[in-house]
$ cat run20.cif   # mmCIF, C-alpha atoms and all ligand atoms
data_upload
#
loop_
_atom_site.label_atom_id
_atom_site.label_comp_id
_atom_site.auth_asym_id
_atom_site.auth_seq_id
_atom_site.Cartn_x
_atom_site.Cartn_y
_atom_site.Cartn_z
CA MET A 1 106.99 88.43 116.43
CA GLU A 2 104.10 86.97 118.31
CA HIS A 3 100.99 86.09 116.34
CA LYS A 4 97.70 86.70 118.06
CA LEU A 5 94.86 86.86 115.57
CA ILE A 6 95.35 83.90 113.27
CA ILE A 7 92.28 82.20 111.73
CA ASP A 8 92.02 78.85 109.95
CA ALA A 9 88.85 79.49 107.96
CA HIS A 10 88.31 75.92 106.69
CA CYS A 11 89.31 72.45 107.87
CA HIS A 12 88.03 68.99 108.76
CA LEU A 13 88.91 68.13 112.34
CA ASP A 14 86.82 64.94 112.21
CA ILE A 15 89.41 63.15 110.08
CA MET A 16 92.56 64.52 111.73
CA LYS A 17 94.95 62.27 113.57
CA GLY A 18 96.37 63.59 116.86
CA LEU A 19 93.61 66.15 117.22
CA ASP A 20 94.29 67.18 120.84
CA ALA A 21 97.96 67.86 120.12
CA ALA A 22 97.04 69.80 116.97
CA ILE A 23 94.58 71.99 118.88
CA LYS A 24 97.15 72.67 121.60
CA ASN A 25 99.67 73.58 118.90
CA SER A 26 97.16 75.94 117.29
CA LYS A 27 96.54 77.75 120.59
CA ASP A 28 100.27 78.01 121.30
CA ASN A 29 100.69 79.63 117.87
CA GLY A 30 97.97 82.26 118.16
CA VAL A 31 95.23 80.55 116.14
CA VAL A 32 92.14 82.11 117.69
CA LYS A 33 89.54 80.62 115.35
CA ILE A 34 89.34 77.27 113.59
CA LEU A 35 86.33 76.67 111.36
CA THR A 36 85.71 72.95 111.13
CA ASN A 37 83.28 71.86 108.42
CA GLY A 38 80.72 69.07 108.32
CA LEU A 39 79.72 67.23 105.15
CA GLU A 40 76.97 64.84 106.26
CA PRO A 41 75.29 63.81 109.55
CA GLN A 42 78.31 62.25 111.29
CA SER A 43 80.82 65.05 110.61
CA ASN A 44 78.15 67.69 111.35
CA ARG A 45 77.64 66.24 114.82
CA LYS A 46 81.38 66.02 115.36
CA ALA A 47 81.78 69.68 114.36
CA LEU A 48 79.33 70.67 117.12
CA GLU A 49 81.13 68.40 119.59
CA TYR A 50 84.54 69.99 118.83
CA ALA A 51 83.14 73.52 119.06
CA GLU A 52 81.90 72.59 122.51
CA ARG A 53 85.16 70.95 123.56
CA PHE A 54 87.79 73.39 122.17
CA SER A 55 87.55 77.12 122.89
CA ASN A 56 89.03 78.20 119.52
CA VAL A 57 86.89 75.91 117.33
CA GLU A 58 83.72 77.06 115.53
CA ALA A 59 81.29 74.66 113.88
CA CYS A 60 80.13 74.89 110.27
CA LEU A 61 77.36 72.50 109.27
CA GLY A 62 76.75 71.45 105.69
CA ILE A 63 75.79 68.84 103.15
CA TYR A 64 78.36 68.04 100.49
CA PRO A 65 77.18 66.29 97.27
CA PRO A 66 76.47 62.81 98.71
CA ASP A 67 77.46 60.78 95.64
CA GLN A 68 80.89 62.40 95.49
CA LEU A 69 81.39 62.03 99.22
CA LYS A 70 80.45 58.36 99.14
CA GLU A 71 83.19 57.82 96.55
CA GLU A 72 85.80 59.66 98.61
CA CYS A 73 84.87 58.38 102.07
CA ASP A 74 87.28 55.46 102.17
CA GLU A 75 90.39 57.41 101.24
CA MET A 76 89.41 60.17 103.68
CA GLY A 77 89.02 57.70 106.54
CA ARG A 78 85.31 58.36 106.92
CA GLU A 79 82.58 55.80 107.27
CA TRP A 80 79.72 56.18 104.79
CA LYS A 81 76.09 55.95 105.91
CA ASP A 82 73.08 56.82 103.74
CA PHE A 83 71.00 59.71 105.02
CA ASP A 84 67.94 61.78 104.19
CA ILE A 85 68.86 65.29 102.97
CA ASP A 86 65.66 67.01 104.10
CA LYS A 87 65.84 65.47 107.56
CA GLU A 88 69.43 66.68 107.91
CA ILE A 89 68.46 70.21 106.82
CA ALA A 90 65.65 70.20 109.39
CA TRP A 91 68.17 69.13 112.05
CA ILE A 92 70.69 71.84 111.00
CA LYS A 93 67.99 74.49 111.41
CA LYS A 94 67.69 73.64 115.08
CA GLN A 95 71.43 73.93 115.93
CA THR A 96 73.60 76.79 117.15
CA PHE A 97 76.66 77.22 114.91
CA LEU A 98 78.72 79.70 112.88
CA ALA A 99 78.17 79.08 109.15
CA ILE A 100 76.81 76.71 106.51
CA GLY A 101 79.63 74.55 105.12
CA GLU A 102 80.87 72.62 103.42
CA ILE A 103 78.46 72.80 100.51
CA GLY A 104 78.90 73.16 96.75
CA MET A 105 79.47 71.11 93.65
CA ASP A 106 82.17 68.76 92.40
CA PHE A 107 82.38 67.74 88.74
CA VAL A 108 85.20 65.19 89.03
CA GLY A 109 84.55 61.64 87.84
CA GLU A 110 80.95 60.52 87.39
CA PHE A 111 78.34 62.84 88.80
CA ASP A 112 74.65 63.73 88.62
CA GLN A 113 74.78 67.44 87.89
CA ASP A 114 71.04 68.00 88.37
CA ALA A 115 71.07 66.40 91.82
CA GLN A 116 74.12 68.47 92.82
CA GLU A 117 72.54 71.72 91.63
CA LYS A 118 69.29 70.98 93.42
CA LEU A 119 71.08 70.32 96.71
CA PHE A 120 73.37 73.35 96.27
CA ARG A 121 70.38 75.66 95.74
CA LYS A 122 68.68 74.23 98.82
CA MET A 123 71.76 74.89 100.94
CA ILE A 124 72.12 78.45 99.61
CA GLN A 125 68.51 79.07 100.61
CA LEU A 126 69.17 77.56 104.05
CA GLY A 127 72.03 80.02 104.53
CA LYS A 128 69.78 82.91 103.52
CA GLU A 129 66.98 81.75 105.76
CA MET A 130 69.31 81.46 108.75
CA GLY A 131 71.28 84.62 107.89
CA LYS A 132 74.53 82.67 107.83
CA PRO A 133 77.59 82.76 105.54
CA ILE A 134 78.01 79.78 103.18
CA ILE A 135 81.36 78.04 102.65
CA ILE A 136 81.58 76.63 99.15
CA HIS A 137 83.51 73.87 97.39
CA SER A 138 83.65 74.19 93.59
CA ARG A 139 86.11 71.67 92.18
CA LYS A 140 85.91 71.66 88.36
CA ALA A 141 82.51 73.35 88.79
CA GLU A 142 83.64 76.94 89.34
CA LYS A 143 81.74 78.49 86.45
CA ARG A 144 78.42 76.81 87.27
CA VAL A 145 78.85 77.55 90.99
CA ILE A 146 79.21 81.26 90.25
CA GLU A 147 76.16 81.23 87.96
CA ILE A 148 74.00 79.56 90.58
CA LEU A 149 75.19 81.90 93.34
CA GLU A 150 74.20 84.79 91.08
CA GLU A 151 70.81 83.29 90.23
CA GLU A 152 70.05 82.63 93.89
CA LYS A 153 71.31 86.11 94.84
CA ALA A 154 73.59 84.63 97.49
CA GLN A 155 75.32 87.22 99.63
CA LYS A 156 77.52 85.95 102.45
CA VAL A 157 79.72 83.87 100.17
CA VAL A 158 83.08 82.23 100.94
CA LEU A 159 84.69 80.35 98.05
CA HIS A 160 87.00 77.78 99.60
CA CYS A 161 90.12 76.71 97.72
CA PHE A 162 88.95 78.41 94.51
CA HIS A 163 90.77 77.14 91.41
CA GLY A 164 88.84 78.98 88.71
CA LYS A 165 90.54 80.41 85.64
CA LYS A 166 91.64 84.04 85.56
CA LYS A 167 88.45 85.14 83.80
CA LEU A 168 86.35 83.70 86.62
CA VAL A 169 88.59 85.26 89.26
CA GLU A 170 87.98 88.63 87.59
CA LYS A 171 84.28 87.91 87.75
CA ILE A 172 84.21 87.27 91.50
CA LYS A 173 86.45 90.26 92.13
CA GLY A 174 83.59 92.65 91.48
CA LYS A 175 81.36 91.01 94.07
CA ASN A 176 81.24 91.33 97.79
CA TRP A 177 82.36 87.69 98.18
CA PHE A 178 85.35 86.16 99.95
CA VAL A 179 87.94 83.57 98.91
CA THR A 180 90.05 81.42 101.23
CA ILE A 181 93.71 81.00 100.38
CA PRO A 182 94.90 77.47 101.24
CA THR A 183 98.31 76.69 102.71
CA ASN A 184 99.45 74.97 99.52
CA VAL A 185 99.66 78.50 98.05
CA VAL A 186 103.37 78.18 98.91
CA ARG A 187 103.83 75.95 95.85
CA SER A 188 100.86 76.76 93.58
CA ASP A 189 101.36 79.42 90.90
CA GLN A 190 97.64 79.49 90.24
CA ILE A 191 96.76 80.34 93.85
CA GLN A 192 99.55 82.90 94.01
CA GLU A 193 97.88 84.59 91.00
CA LEU A 194 94.60 84.57 92.91
CA VAL A 195 96.31 86.33 95.83
CA LYS A 196 97.56 89.03 93.43
CA ILE A 197 94.11 89.69 92.00
CA ILE A 198 91.86 89.48 95.07
CA ASP A 199 91.82 92.36 97.54
CA ILE A 200 93.00 91.61 101.08
CA ASN A 201 89.59 92.77 102.32
CA HIS A 202 88.00 89.78 100.56
CA MET A 203 90.34 87.09 101.76
CA PHE A 204 90.73 84.40 104.41
CA CYS A 205 93.35 81.69 104.91
CA GLU A 206 92.67 78.00 105.38
CA THR A 207 94.48 74.71 105.87
CA ASP A 208 91.71 72.33 104.71
CA SER A 209 93.40 70.02 107.26
CA PRO A 210 94.36 67.26 106.97
CA PHE A 211 94.73 68.09 103.24
CA LEU A 212 96.65 70.75 101.24
CA SER A 213 99.69 70.82 103.52
CA PRO A 214 102.31 73.51 102.94
CA PHE A 215 104.92 70.85 103.75
CA LYS A 216 105.31 67.97 101.31
CA GLY A 217 104.60 64.57 102.82
CA LYS A 218 103.32 66.06 106.07
CA SER A 219 99.66 66.01 107.09
CA ASN A 220 98.20 69.50 107.53
CA GLU A 221 97.03 71.02 110.83
CA PRO A 222 95.48 74.40 111.78
CA SER A 223 98.71 75.94 113.14
CA PHE A 224 100.26 75.63 109.65
CA VAL A 225 97.80 78.26 108.39
CA ILE A 226 100.49 80.86 109.19
CA GLU A 227 102.30 79.71 106.01
CA ALA A 228 99.44 81.14 103.91
CA TYR A 229 99.58 84.42 105.88
CA LYS A 230 103.33 84.64 105.21
CA LYS A 231 102.90 84.05 101.49
CA ILE A 232 100.16 86.67 101.21
CA ALA A 233 102.36 89.18 103.07
CA GLU A 234 105.20 88.46 100.65
CA ILE A 235 103.03 88.74 97.51
CA LYS A 236 101.14 91.86 98.61
CA GLY A 237 104.16 93.60 100.15
CA MET A 238 102.53 93.81 103.56
CA THR A 239 103.73 92.79 107.02
CA ILE A 240 102.30 89.57 108.44
CA GLU A 241 100.73 91.65 111.17
CA GLU A 242 98.88 93.75 108.59
CA VAL A 243 97.61 90.59 106.89
CA GLU A 244 96.48 89.22 110.27
CA ASN A 245 94.65 92.40 111.19
CA ASN A 246 92.94 92.69 107.81
CA ILE A 247 91.77 89.10 107.83
CA TYR A 248 90.57 89.39 111.40
CA LEU A 249 88.50 92.40 110.37
CA ASN A 250 87.09 90.37 107.47
CA TYR A 251 86.07 87.72 109.99
CA GLN A 252 84.29 90.28 112.14
CA THR A 253 82.54 91.73 109.09
CA LEU A 254 81.29 88.43 107.76
CA PHE A 255 80.79 86.16 110.77
CA GLU A 256 80.06 88.40 113.75
ZN ZN B 1 86.91 71.00 102.83
#

$ encode --input "run20.cif" --output "structure tokens"
Amino acid sequence: MEHKLIIDAHCHLDIMKGLDAAIKNSKDNGVVKILTNGLEPQSNRKALEYAERFSNVEACLGIYPPDQLKEECDEMGREWKDFDIDKEIAWIKKQTFLAIGEIGMDFVGEFDQDAQEKLFRKMIQLGKEMGKPIIIHSRKAEKRVIEILEEEKAQKVVLHCFHGKKKLVEKIKGKNWFVTIPTNVVRSDQIQELVKIIDINHMFCETDSPFLSPFKGKSNEPSFVIEAYKKIAEIKGMTIEEVENNIYLNYQTLFE
């Protein structure tokens, strides 16, 4: 069957190798939307540039916890430059783009929890102020992320690559929030459980390219997002076309 309405709801085109070929591949395989996420000034500007250059790319602009990012920059192939958070927020306010992302908290290694929470709250407020959905990272910080989203009364929420325990999954189930199912669902029991619990009307799929590949040893790219669609169809006993249509409707509900 021909796929027509595929969406990759979260990735990082700025650190992908062979980007032009990957975008061509995505178009050939029916990927109509690719949401590329910025983390700091350089990747935010690249996100806007790609949205301009490629017809199926949408820009998300965000600020990821800077201390964590600084640590990870080398292995991600990014260059680190210090920046002023409030200046970047002021710049974001002036741009035309789809959503706020990637923001959130990350409690791996050494971290300053207060600084992360302060920034996270600021970015939630920015999303509210601009009326835009927020795309959230919550590695090892799932519980606190949910608490803060509740305290701030956040509404247009997308939890990217959510790895919270079952109790937390049950908690988000009752809210009008969305989760994105990454392509590594093909080999993660925990994410397969998440697919069982969350309603299809609160779900997107993502590649997190170049990470979380469905194929071992192979770098991820947006066209591989179909592997998450297939797995959801299998788990929920739906056709892939039904999954596509449902997720496309979710996109229209949240982003349009
Ligand atoms: Zn990401």

$ residues_near_ligand --input "run20.cif" --ligand "ligand ZN 1 (chain B)" --cutoff "8 Å" --atoms "only C-alpha atoms and all ligand atoms" --output "MDAnalysis selection string"
chainID A and resid 10:12 37 102 137 160 208:209

$ write_last_selection --input "run20.cif" --atoms "C-alpha atoms" --output "mmCIF file, keeping the file's coordinate frame"
data_model
loop_
_atom_site.group_PDB
_atom_site.id
_atom_site.type_symbol
_atom_site.label_atom_id
_atom_site.label_comp_id
_atom_site.auth_asym_id
_atom_site.auth_seq_id
_atom_site.Cartn_x
_atom_site.Cartn_y
_atom_site.Cartn_z
ATOM 1 C CA HIS A 10 88.310 75.920 106.690
ATOM 2 C CA CYS A 11 89.310 72.450 107.870
ATOM 3 C CA HIS A 12 88.030 68.990 108.760
ATOM 4 C CA ASN A 37 83.280 71.860 108.420
ATOM 5 C CA GLU A 102 80.870 72.620 103.420
ATOM 6 C CA HIS A 137 83.510 73.870 97.390
ATOM 7 C CA HIS A 160 87.000 77.780 99.600
ATOM 8 C CA ASP A 208 91.710 72.330 104.710
ATOM 9 C CA SER A 209 93.400 70.020 107.260
#

$ atom_distance --input "run20.cif" --atom1 "CA of Leu69 (chain A)" --atom2 "CA of Lys81 (chain A)"
10.5 Å

$ atom_distance --input "run20.cif" --atom1 "CA of Phe178 (chain A)" --atom2 "CA of Ala51 (chain A)"
23.0 Å

$ atom_distance --input "run20.cif" --atom1 "CA of Lys87 (chain A)" --atom2 "CA of Ile134 (chain A)"
19.3 Å

$ closest_residue --input "run20.cif" --among "A:Phe97, A:Trp80, A:Asn245, A:Pro133" --to "Tyr50 (chain A)" --atoms "all atoms listed in the file"
A:Phe97

$ closest_residue --input "run20.cif" --among "A:Gly164, A:Pro222, A:Gly62, A:Pro210" --to "Ile92 (chain A)" --atoms "all atoms listed in the file"
A:Gly62

$ residues_around --input "run20.cif" --residues "Lys132 (chain A)" --least-positions-apart "3" --cutoff "8 Å" --atoms "only C-alpha atoms" --output "PyMOL selection string"
chain A and resi 98-100+127-129+156+255

$ closest_residue --input "run20.cif" --among "A:Lys46, A:Leu13, A:Lys196, A:Leu39" --to "Glu72 (chain A)" --atoms "all atoms listed in the file"
A:Leu39

$ residues_around --input "run20.cif" --residues "region 16-30 of chain A" --least-positions-apart "6" --cutoff "12 Å" --atoms "only C-alpha atoms" --output "number ranges by chain"
A: 1-8, 36, 43, 46, 50-51, 53-57, 76-78, 207-211, 218-227, 244

$ closest_residue --input "run20.cif" --among "A:Glu117, A:Glu152, A:Glu40, A:Glu206" --to "Cys73 (chain A)" --atoms "all atoms listed in the file"
A:Glu40

$ residues_around --input "run20.cif" --residues "Gln113 (chain A)" --least-positions-apart "2" --cutoff "12 Å" --atoms "only C-alpha atoms" --output "PDB file with C-alpha atoms, in the frame of the given file"
ATOM      1  CA  PRO A  65      77.180  66.290  97.270  1.00  0.00           C
ATOM      2  CA  PRO A  66      76.470  62.810  98.710  1.00  0.00           C
ATOM      3  CA  ASP A  67      77.460  60.780  95.640  1.00  0.00           C
ATOM      4  CA  GLN A  68      80.890  62.400  95.490  1.00  0.00           C
ATOM      5  CA  GLY A 104      78.900  73.160  96.750  1.00  0.00           C
ATOM      6  CA  MET A 105      79.470  71.110  93.650  1.00  0.00           C
ATOM      7  CA  ASP A 106      82.170  68.760  92.400  1.00  0.00           C
ATOM      8  CA  PHE A 107      82.380  67.740  88.740  1.00  0.00           C
ATOM      9  CA  VAL A 108      85.200  65.190  89.030  1.00  0.00           C
ATOM     10  CA  GLY A 109      84.550  61.640  87.840  1.00  0.00           C
ATOM     11  CA  GLU A 110      80.950  60.520  87.390  1.00  0.00           C
ATOM     12  CA  PHE A 111      78.340  62.840  88.800  1.00  0.00           C
ATOM     13  CA  ALA A 115      71.070  66.400  91.820  1.00  0.00           C
ATOM     14  CA  GLN A 116      74.120  68.470  92.820  1.00  0.00           C
ATOM     15  CA  GLU A 117      72.540  71.720  91.630  1.00  0.00           C
ATOM     16  CA  LYS A 118      69.290  70.980  93.420  1.00  0.00           C
ATOM     17  CA  LEU A 119      71.080  70.320  96.710  1.00  0.00           C
ATOM     18  CA  PHE A 120      73.370  73.350  96.270  1.00  0.00           C
ATOM     19  CA  LYS A 140      85.910  71.660  88.360  1.00  0.00           C
ATOM     20  CA  ALA A 141      82.510  73.350  88.790  1.00  0.00           C
ATOM     21  CA  ARG A 144      78.420  76.810  87.270  1.00  0.00           C
ATOM     22  CA  VAL A 145      78.850  77.550  90.990  1.00  0.00           C
TER      23      VAL A 145
END

$ closest_residue --input "run20.cif" --among "A:Met123, A:Ile135, A:Leu159, A:Leu48" --to "Thr96 (chain A)" --atoms "all atoms listed in the file"
A:Leu48

$ closest_residue --input "run20.cif" --among "A:Trp91, A:Tyr248, A:Tyr229, A:Phe83" --to "Pro214 (chain A)" --atoms "only C-alpha atoms"
A:Tyr229

$ residues_around --input "run20.cif" --residues "Ile247 (chain A)" --least-positions-apart "5" --cutoff "9 Å" --atoms "only C-alpha atoms" --output "ChimeraX atom specification"
/A:5-7,200-205,242,252

$ build_atoms --input "run20.cif" --residues "region 66-80 of chain A" --atoms "N, CA and C atoms" --output "PDB file, keeping the file's coordinate frame"
ATOM      1  N   PRO A  66      76.314  64.139  98.117  1.00  0.00           N
ATOM      2  CA  PRO A  66      76.470  62.810  98.710  1.00  0.00           C
ATOM      3  C   PRO A  66      77.146  61.774  97.813  1.00  0.00           C
ATOM      4  N   ASP A  67      76.847  61.793  96.507  1.00  0.00           N
ATOM      5  CA  ASP A  67      77.460  60.780  95.640  1.00  0.00           C
ATOM      6  C   ASP A  67      78.975  60.918  95.575  1.00  0.00           C
ATOM      7  N   GLN A  68      79.450  62.166  95.528  1.00  0.00           N
ATOM      8  CA  GLN A  68      80.890  62.400  95.490  1.00  0.00           C
ATOM      9  C   GLN A  68      81.525  61.969  96.813  1.00  0.00           C
ATOM     10  N   LEU A  69      80.848  62.319  97.897  1.00  0.00           N
ATOM     11  CA  LEU A  69      81.390  62.030  99.220  1.00  0.00           C
ATOM     12  C   LEU A  69      81.505  60.521  99.436  1.00  0.00           C
ATOM     13  N   LYS A  70      80.468  59.812  99.007  1.00  0.00           N
ATOM     14  CA  LYS A  70      80.450  58.360  99.140  1.00  0.00           C
ATOM     15  C   LYS A  70      81.687  57.750  98.475  1.00  0.00           C
ATOM     16  N   GLU A  71      82.013  58.279  97.295  1.00  0.00           N
ATOM     17  CA  GLU A  71      83.190  57.820  96.550  1.00  0.00           C
ATOM     18  C   GLU A  71      84.485  58.057  97.321  1.00  0.00           C
ATOM     19  N   GLU A  72      84.536  59.220  97.994  1.00  0.00           N
ATOM     20  CA  GLU A  72      85.800  59.660  98.610  1.00  0.00           C
ATOM     21  C   GLU A  72      85.955  59.208 100.058  1.00  0.00           C
ATOM     22  N   CYS A  73      84.854  58.671 100.631  1.00  0.00           N
ATOM     23  CA  CYS A  73      84.870  58.380 102.070  1.00  0.00           C
ATOM     24  C   CYS A  73      86.032  57.488 102.495  1.00  0.00           C
ATOM     25  N   ASP A  74      86.248  56.408 101.777  1.00  0.00           N
ATOM     26  CA  ASP A  74      87.280  55.460 102.170  1.00  0.00           C
ATOM     27  C   ASP A  74      88.659  56.100 102.278  1.00  0.00           C
ATOM     28  N   GLU A  75      89.050  56.813 101.228  1.00  0.00           N
ATOM     29  CA  GLU A  75      90.390  57.410 101.240  1.00  0.00           C
ATOM     30  C   GLU A  75      90.507  58.532 102.270  1.00  0.00           C
ATOM     31  N   MET A  76      89.375  59.112 102.663  1.00  0.00           N
ATOM     32  CA  MET A  76      89.410  60.170 103.680  1.00  0.00           C
ATOM     33  C   MET A  76      89.356  59.596 105.097  1.00  0.00           C
ATOM     34  N   GLY A  77      89.121  58.300 105.207  1.00  0.00           N
ATOM     35  CA  GLY A  77      89.020  57.700 106.540  1.00  0.00           C
ATOM     36  C   GLY A  77      87.690  57.991 107.206  1.00  0.00           C
ATOM     37  N   ARG A  78      86.655  58.166 106.373  1.00  0.00           N
ATOM     38  CA  ARG A  78      85.310  58.360 106.920  1.00  0.00           C
ATOM     39  C   ARG A  78      84.483  57.106 106.650  1.00  0.00           C
ATOM     40  N   GLU A  79      83.468  56.932 107.467  1.00  0.00           N
ATOM     41  CA  GLU A  79      82.580  55.800 107.270  1.00  0.00           C
ATOM     42  C   GLU A  79      81.326  56.336 106.583  1.00  0.00           C
ATOM     43  N   TRP A  80      80.902  55.688 105.497  1.00  0.00           N
ATOM     44  CA  TRP A  80      79.720  56.180 104.790  1.00  0.00           C
ATOM     45  C   TRP A  80      78.434  55.576 105.331  1.00  0.00           C
TER      46      TRP A  80
END
